[in-house]
Each structure stands twice: as C-alpha cells, then as structure tokens.
Amino acid sequence: MYQRTTPPTEPTPTAGRRRFTRKALLAASALGVVTALLAPVRAGAAPAPAAPTAATPLAANGQLRVCGLQLCNASGQAIALNGMSTHGTQWYAQCVTDGSLNALATDWRADVLRVSTYVQEGGYETDPAGFTARAQKFIDAAHARGMYAVIDWHMLTPGDPNANLARAKTFFTAMAKKYKDHPGVLYEIANEPSGVSWSAIKSYSEQIIPVIRAQDPDAVVLVGTRAWSSFGVSEGSNESEVVNNPVHASNIMYTFHFYAASHREAYLATLDRASDRLPVFVTEFGTQNYAGEGANDFAMSQRYLDLMKRKKISWTNWNYSDDHRSGAVFKTGTCNGSTWAGTGVLKEAGVWIRDRIRQ
C-alpha cells in the first residue's frame with residue numbers, strides 16, 4: 001500500500017450506584033461537568049444543574065470499548081469516529097500546531113487525530129525519548145480540543161513488526177503509563193505489516209497487548225493485518241486467516257487500509273465481509289493510488305465511505321500535512337503559514353475529505 005518516503009462485550013457498571021473512574025472524570029472535565037457529576041453524592045448538596053450539551057466528541061462519548069463488532073461509547077452506543085492522520089512527525093511536525101488542530105477540531109469537526117510515529121525512516125529509532133515526547137505533545141493537544149487520539153506505531157520498513165518488538169515494548173509502556181487514566185486514546189500497535197505471515201503478526205500482537213494492558217486495561221487496541229493492513233488481499237489472501245485464527249485478547253479491533261484509485265472491488269468486498277465477522281477500524285485511507293499520489297478517485301472513495309457509514313466503521317484519512325503529493329490535504333507551503341481553516345489552503349482531496357468529516 002502507501003510506501004511513504006513515503007471480542008466479548010464488556011461488563012456494565014454495577015446497577016444502582018455511580019462508579020467514577022479517573023478516566024470518566026477526565027472525559028467529563030473536557031465538558032466542564034465534573035462538579036455536576038459529583039454534586040449529587042455530596043451530603044446536603046443541592047441538585048446538580050443539567051449537564052450542557054456535549055461540546056466535543058471526547059466529552060460526549062467518554063471511554064470507548066469494543067462491543068460485539070462495533071466501537072461503542074461509555075453508554076454502550078455504537079459510534080464511528082472520523083478524522084485525520086498526521087504524516088510522519090519526523091518530517092511534518094510543523095503541520096501539527098495549535099492553529100492546525102484548532103481548525104481540525106472546530107472547522108473540520110473531526111473526532112480523532114491519528115498521531116503517526118514512524119519507527120524507521122528517520123523516526124523513533126533515531127531518538128526514542130524525543131519522538132515519544134513529540135507524540136505525547138500532539139496527543140495532549142488533541143485531547144485539549146476534545147478529540148480522541150490514535151497512537152500509531154508506524155512500522156513500515158521492515159514489514160515484520162517483530163523486528164521492532166523491543167522498541168515497541170518500550171514505546172507502548174511509556175504511552176500506556178502516561179495515558180492509563182485518560183479515556184481519549186486508542187493504541188495502534190503495527191501500522192502496515194508486509195511480507196510476513198498472519199501467525200507472526202498475531203504472535204507480535206499477543207506480546208504487545210499485555211504490555212499495554214499492564215498499565216491501561218481499558219483502552220481499545222488496534223491490530224494491524226497482513227499485507228499493508230489489507231487483511232492479506234495485497235498478498236493474495238483474505239480475511240479468513242484472521243477470522244479463523246484471531247488474536248487472543250479482548251477489546252481489540254483489526255485495521256484495514258485502502259487507497260481508492262488502486263484498491264478496487266476486491267478490497268471493498270473484503271472490507272464488507274471482514275466487518276461482518278470482525279471489529280474493524282480503517283486507520284488509513286486515501287482517495288489516490290497506493291502511493292498517495294496521482295488523480296483522486298472520489299467516486300470509488302465515496303463507495304467506501306458509504307459502506308463505512310452504513311456499518312459504523314471508524315476512519316482516519318491520510319494525511320494532515322502539506323506534503324507535495326496529492327494525498328496531503330494542505331497546499332504545499334501551508335504549514336509555514338498561519339492560516340488553516342476554510343478551503344482556500346486545501347488541495348482537491350482536502351476539500352473533499354473536510355466536507356465528509358463535517359457531514
């Protein structure tokens with residue numbers, strides 16, 4: 001795909017009493033309703049005023065979990081998050097600013113930001129502490145604006161995630177320790193495995209998920225699939241290998257990536273079939289070819305989006321930068337300026353995807 005140099009239902013809280021976790025209170029504080037939540041349990045307290053209408057996705061939905069095949073909010077309602085992915089933060093950190101994130105949250109009305117930390121290609125391996133801190137900065141900024149954050153371990157080359165197993169354990173230990181009490185994170189543990197068997201990806205996943213769970217037992221974990229997260233289609237397989245041999249863990253979803261100008265009927269059909277059997281999150285897609293380049297195929301892209309909307313499949317689009325390729329939403333040079341909102345700074349793909357997120 002994009003070569004960039006390119007599940008059991010969780011138990012409900014005990015009936016008849018309120019159970020406040022730190023994560024629930026943090027989600028409520030994003031809306032400014034912690035006092036309203038706590039007031040009824042204080043002796044002699046006056047009745048709390050009605051909570052205002054939720055102002056942000058994080059405040060409205062709180063701690064997410066997987067229920068059956070769906071991503072569900074704290075109330076058990078199936079939801080779909082729509083948003084954007086950063087490009088590699090070693091190249092395009094200047095595109096993730098207070099101004100750009102304000103635009104994403106308020107002008108685009110996005111629910112989620114995927115923060116992509118490349119492992120190689122000049123990324124994490126060159127400065128683990130520095131890239132961990134950078135990712136946390138961007139995640140915190142998304143949370144401050146009421147958006148969820150996908151913590152993307154963007155392994156690409158080599159395609160076997162086990163090649164970076166030790167680094168992944170270090171990275172996700174640090175991330176899970178920091179965000180263990182926050183409801184606004186999802187952990188994507190392997191971006192696009194390639195040239196490696198599903199059994200090897202499964203083995204990797206079953207070693208990394210316990211690392212996260214040891215610190216953060218509640219958050220949703222996103223598991224990459226074979227052949228650039230295509231459920232194996234790009235290497236001649238299909239979703240049956242995952243259906244027949246799923247990862248042994250709860251509260252997980254499987255990722256699927258597509259680029260509409262290249263990935264046609266077989267990929268669309270795979271997403272449809274797989275999401276009938278497995279919980280799926282499309283953490284990356286583009287309206288161009290598999291390299292994120294060339295003409296946009298909006299008609300094919302819309303077919304994917306219609307399917308995902310109908311089935312409540314969450315997605316993040318690649319990518320929120322001003323890279324020269326057609327898949328970057330901003331016109332080249334935008335990230336050196338101060339204007340982010342509206343359509344004047346956007347490429348054709350940016351105008352199109354902004355409109356879909358706003359819908």
# chains A, B, ... in the order shown; residues from 1 in each chain; ligands from 1

$ select_by_dssp --residues "region 32-150 of chain A" --states "helix (DSSP H, G or I)" --output "PyMOL selection string"
chain A and resi 34-41+57-61+93-95+98-107+124-126+128-144

$ residues_around --residues "Ser203 (chain A)" --least-positions-apart "2" --cutoff "12 Å" --atoms "only C-alpha atoms" --output "PDB file with N, CA, C and O atoms, in the first residue's frame"
ATOM      1  N   ASP A 160       8.022  -6.743   8.999  1.00  0.00           N
ATOM      2  CA  ASP A 160       7.735  -7.662  10.103  1.00  0.00           C
ATOM      3  C   ASP A 160       7.751  -6.881  11.411  1.00  0.00           C
ATOM      4  O   ASP A 160       8.804  -6.378  11.820  1.00  0.00           O
ATOM      5  N   PRO A 161       6.621  -6.752  12.097  1.00  0.00           N
ATOM      6  CA  PRO A 161       6.614  -5.967  13.345  1.00  0.00           C
ATOM      7  C   PRO A 161       7.513  -6.550  14.415  1.00  0.00           C
ATOM      8  O   PRO A 161       7.967  -5.824  15.309  1.00  0.00           O
ATOM      9  N   ASN A 162       7.805  -7.857  14.330  1.00  0.00           N
ATOM     10  CA  ASN A 162       8.677  -8.468  15.330  1.00  0.00           C
ATOM     11  C   ASN A 162      10.093  -7.915  15.275  1.00  0.00           C
ATOM     12  O   ASN A 162      10.839  -8.012  16.257  1.00  0.00           O
ATOM     13  N   LEU A 165      10.141  -5.415  18.015  1.00  0.00           N
ATOM     14  CA  LEU A 165       9.409  -5.826  19.207  1.00  0.00           C
ATOM     15  C   LEU A 165       9.911  -5.125  20.468  1.00  0.00           C
ATOM     16  O   LEU A 165       9.119  -4.602  21.260  1.00  0.00           O
ATOM     17  N   VAL A 196       5.093 -10.845   5.710  1.00  0.00           N
ATOM     18  CA  VAL A 196       5.173 -11.644   6.925  1.00  0.00           C
ATOM     19  C   VAL A 196       3.833 -12.346   7.115  1.00  0.00           C
ATOM     20  O   VAL A 196       2.784 -11.836   6.690  1.00  0.00           O
ATOM     21  N   SER A 197       3.847 -13.510   7.726  1.00  0.00           N
ATOM     22  CA  SER A 197       2.629 -14.301   7.883  1.00  0.00           C
ATOM     23  C   SER A 197       1.707 -13.701   8.937  1.00  0.00           C
ATOM     24  O   SER A 197       2.151 -12.965   9.831  1.00  0.00           O
ATOM     25  N   TRP A 198       0.421 -14.050   8.834  1.00  0.00           N
ATOM     26  CA  TRP A 198      -0.520 -13.620   9.871  1.00  0.00           C
ATOM     27  C   TRP A 198      -0.134 -14.208  11.227  1.00  0.00           C
ATOM     28  O   TRP A 198      -0.248 -13.537  12.253  1.00  0.00           O
ATOM     29  N   SER A 199       0.347 -15.430  11.264  1.00  0.00           N
ATOM     30  CA  SER A 199       0.724 -16.032  12.549  1.00  0.00           C
ATOM     31  C   SER A 199       1.833 -15.241  13.226  1.00  0.00           C
ATOM     32  O   SER A 199       1.848 -15.108  14.462  1.00  0.00           O
ATOM     33  N   ALA A 200       2.764 -14.671  12.438  1.00  0.00           N
ATOM     34  CA  ALA A 200       3.827 -13.852  13.027  1.00  0.00           C
ATOM     35  C   ALA A 200       3.259 -12.535  13.563  1.00  0.00           C
ATOM     36  O   ALA A 200       3.693 -12.048  14.617  1.00  0.00           O
ATOM     37  N   ILE A 201       2.320 -11.946  12.849  1.00  0.00           N
ATOM     38  CA  ILE A 201       1.674 -10.707  13.320  1.00  0.00           C
ATOM     39  C   ILE A 201       0.875 -10.985  14.580  1.00  0.00           C
ATOM     40  O   ILE A 201       0.898 -10.206  15.545  1.00  0.00           O
ATOM     41  N   SER A 205       1.348  -9.346  18.266  1.00  0.00           N
ATOM     42  CA  SER A 205       0.233  -8.679  18.935  1.00  0.00           C
ATOM     43  C   SER A 205       0.018  -9.241  20.332  1.00  0.00           C
ATOM     44  O   SER A 205      -0.251  -8.492  21.286  1.00  0.00           O
ATOM     45  N   GLU A 206       0.144 -10.549  20.464  1.00  0.00           N
ATOM     46  CA  GLU A 206      -0.096 -11.184  21.762  1.00  0.00           C
ATOM     47  C   GLU A 206       1.047 -10.962  22.744  1.00  0.00           C
ATOM     48  O   GLU A 206       0.920 -11.292  23.928  1.00  0.00           O
ATOM     49  N   GLN A 207       2.147 -10.371  22.276  1.00  0.00           N
ATOM     50  CA  GLN A 207       3.214  -9.940  23.178  1.00  0.00           C
ATOM     51  C   GLN A 207       3.102  -8.456  23.539  1.00  0.00           C
ATOM     52  O   GLN A 207       3.488  -8.052  24.629  1.00  0.00           O
ATOM     53  N   ILE A 208       2.568  -7.639  22.606  1.00  0.00           N
ATOM     54  CA  ILE A 208       2.464  -6.204  22.865  1.00  0.00           C
ATOM     55  C   ILE A 208       1.213  -5.847  23.649  1.00  0.00           C
ATOM     56  O   ILE A 208       1.248  -4.982  24.537  1.00  0.00           O
ATOM     57  N   ILE A 209       0.105  -6.487  23.358  1.00  0.00           N
ATOM     58  CA  ILE A 209      -1.143  -6.136  24.055  1.00  0.00           C
ATOM     59  C   ILE A 209      -1.007  -6.277  25.571  1.00  0.00           C
ATOM     60  O   ILE A 209      -1.438  -5.382  26.310  1.00  0.00           O
ATOM     61  N   PRO A 210      -0.396  -7.348  26.107  1.00  0.00           N
ATOM     62  CA  PRO A 210      -0.236  -7.413  27.565  1.00  0.00           C
ATOM     63  C   PRO A 210       0.618  -6.284  28.136  1.00  0.00           C
ATOM     64  O   PRO A 210       0.422  -5.879  29.295  1.00  0.00           O
ATOM     65  N   VAL A 223      -5.162  -3.678  15.913  1.00  0.00           N
ATOM     66  CA  VAL A 223      -4.197  -4.676  15.461  1.00  0.00           C
ATOM     67  C   VAL A 223      -4.058  -4.613  13.944  1.00  0.00           C
ATOM     68  O   VAL A 223      -5.050  -4.756  13.219  1.00  0.00           O
ATOM     69  N   GLY A 224      -2.845  -4.412  13.456  1.00  0.00           N
ATOM     70  CA  GLY A 224      -2.597  -4.404  12.021  1.00  0.00           C
ATOM     71  C   GLY A 224      -2.780  -5.776  11.408  1.00  0.00           C
ATOM     72  O   GLY A 224      -2.560  -6.805  12.066  1.00  0.00           O
ATOM     73  N   ASN A 245      -8.276 -17.515  13.010  1.00  0.00           N
ATOM     74  CA  ASN A 245      -7.176 -17.541  13.975  1.00  0.00           C
ATOM     75  C   ASN A 245      -7.012 -16.152  14.584  1.00  0.00           C
ATOM     76  O   ASN A 245      -5.987 -15.495  14.403  1.00  0.00           O
ATOM     77  N   PRO A 246      -8.019 -15.686  15.327  1.00  0.00           N
ATOM     78  CA  PRO A 246      -7.985 -14.322  15.847  1.00  0.00           C
ATOM     79  C   PRO A 246      -6.969 -14.157  16.976  1.00  0.00           C
ATOM     80  O   PRO A 246      -6.539 -15.131  17.609  1.00  0.00           O
ATOM     81  N   VAL A 247      -6.590 -12.924  17.209  1.00  0.00           N
ATOM     82  CA  VAL A 247      -5.716 -12.607  18.339  1.00  0.00           C
ATOM     83  C   VAL A 247      -6.443 -12.912  19.643  1.00  0.00           C
ATOM     84  O   VAL A 247      -7.630 -12.581  19.803  1.00  0.00           O
ATOM     85  N   HIS A 248      -5.736 -13.531  20.560  1.00  0.00           N
ATOM     86  CA  HIS A 248      -6.345 -13.891  21.850  1.00  0.00           C
ATOM     87  C   HIS A 248      -6.274 -12.693  22.796  1.00  0.00           C
ATOM     88  O   HIS A 248      -5.366 -12.567  23.618  1.00  0.00           O
ATOM     89  N   ALA A 249      -7.221 -11.822  22.658  1.00  0.00           N
ATOM     90  CA  ALA A 249      -7.325 -10.639  23.520  1.00  0.00           C
ATOM     91  C   ALA A 249      -8.710 -10.048  23.326  1.00  0.00           C
ATOM     92  O   ALA A 249      -9.327 -10.211  22.267  1.00  0.00           O
TER      93      ALA A 249
END

$ residues_around --residues "Pro193 (chain A)" --least-positions-apart "3" --cutoff "6 Å" --atoms "only C-alpha atoms" --output "list of chain:residue names"
A:Gly159, A:Asp160, A:Arg226, A:Ala227, A:Trp228

$ closest_residue --among "A:Ser229, A:Leu268, A:Gly76, A:Tyr304" --to "Asn61 (chain A)" --atoms "only C-alpha atoms"
A:Gly76

$ closest_residue --among "A:Ser85, A:Gln120, A:Ser301, A:Thr332" --to "Leu101 (chain A)" --atoms "only C-alpha atoms"
A:Ser85

$ residues_around --residues "region 137-139 of chain A" --least-positions-apart "6" --cutoff "8 Å" --atoms "only C-alpha atoms" --output "compact mmCIF listing (two decimals) with all heavy atoms, in the first residue's frame"
# COMPACT_ATOMS: atom_id res chain seq x y z
N VAL A 96 1.46 20.18 12.68
CA VAL A 96 0.64 19.84 13.84
C VAL A 96 0.87 20.93 14.89
O VAL A 96 1.75 20.84 15.74
CB VAL A 96 1.00 18.45 14.41
CG1 VAL A 96 -0.03 18.02 15.46
CG2 VAL A 96 1.06 17.42 13.29
N LEU A 113 -7.63 12.30 15.97
CA LEU A 113 -6.36 12.54 15.31
C LEU A 113 -5.50 11.30 15.48
O LEU A 113 -5.27 10.85 16.61
CB LEU A 113 -5.64 13.75 15.92
CG LEU A 113 -4.24 14.03 15.38
CD1 LEU A 113 -4.31 14.57 13.94
CD2 LEU A 113 -3.48 15.02 16.28
N VAL A 115 -1.88 9.99 15.42
CA VAL A 115 -0.53 10.53 15.55
C VAL A 115 0.45 9.44 15.12
O VAL A 115 0.61 8.43 15.80
CB VAL A 115 -0.25 10.99 16.99
CG1 VAL A 115 1.18 11.49 17.11
CG2 VAL A 115 -1.23 12.09 17.39
N ALA A 149 -7.34 10.36 20.26
CA ALA A 149 -6.04 10.21 19.60
C ALA A 149 -5.74 8.73 19.40
O ALA A 149 -5.88 7.93 20.33
CB ALA A 149 -4.93 10.86 20.42
N ILE A 151 -2.74 6.32 18.83
CA ILE A 151 -1.29 6.28 18.99
C ILE A 151 -0.77 5.24 18.00
O ILE A 151 -0.84 4.03 18.23
CB ILE A 151 -0.91 5.91 20.43
CG1 ILE A 151 -1.52 6.91 21.43
CG2 ILE A 151 0.60 5.86 20.59
CD1 ILE A 151 -1.33 6.52 22.89

$ residues_around --residues "Ile212 (chain A)" --least-positions-apart "6" --cutoff "7 Å" --atoms "only C-alpha atoms" --output "ChimeraX atom specification"
/A:172-173,176

$ residues_around --residues "Gly292 (chain A)" --least-positions-apart "2" --cutoff "7 Å" --atoms "only C-alpha atoms" --output "number ranges by chain"
A: 2, 286, 288-290, 325-327

$ write_last_selection --atoms "N, CA and C atoms" --output "CSV table (one decimal), in the first residue's frame"
chain,number,residue,atom,x,y,z
A,2,TYR,N,0.6,2.3,0.8
A,2,TYR,CA,1.2,3.6,0.7
A,2,TYR,C,2.7,3.5,1.1
A,286,GLY,N,-6.8,6.7,1.4
A,286,GLY,CA,-6.6,7.9,0.6
A,286,GLY,C,-7.5,7.7,-0.6
A,288,GLN,N,-6.4,8.5,-3.6
A,288,GLN,CA,-5.5,8.4,-4.7
A,288,GLN,C,-5.0,7.0,-4.9
A,289,ASN,N,-3.8,6.8,-5.6
A,289,ASN,CA,-3.3,5.5,-5.7
A,289,ASN,C,-2.6,5.1,-4.4
A,290,TYR,N,-2.0,3.8,-4.4
A,290,TYR,CA,-1.4,3.3,-3.2
A,290,TYR,C,-0.2,4.0,-2.7
A,325,ARG,N,2.6,15.5,-2.4
A,325,ARG,CA,1.7,14.5,-3.0
A,325,ARG,C,0.2,14.9,-2.9
A,326,SER,N,-0.6,14.4,-3.8
A,326,SER,CA,-2.0,14.8,-3.8
A,326,SER,C,-2.7,14.3,-2.6
A,327,GLY,N,-2.2,13.3,-1.9
A,327,GLY,CA,-2.9,12.8,-0.7
A,327,GLY,C,-2.7,13.7,0.5

$ atom_distance --atom1 "CA of Arg310 (chain A)" --atom2 "CA of Leu58 (chain A)"
22.1 Å
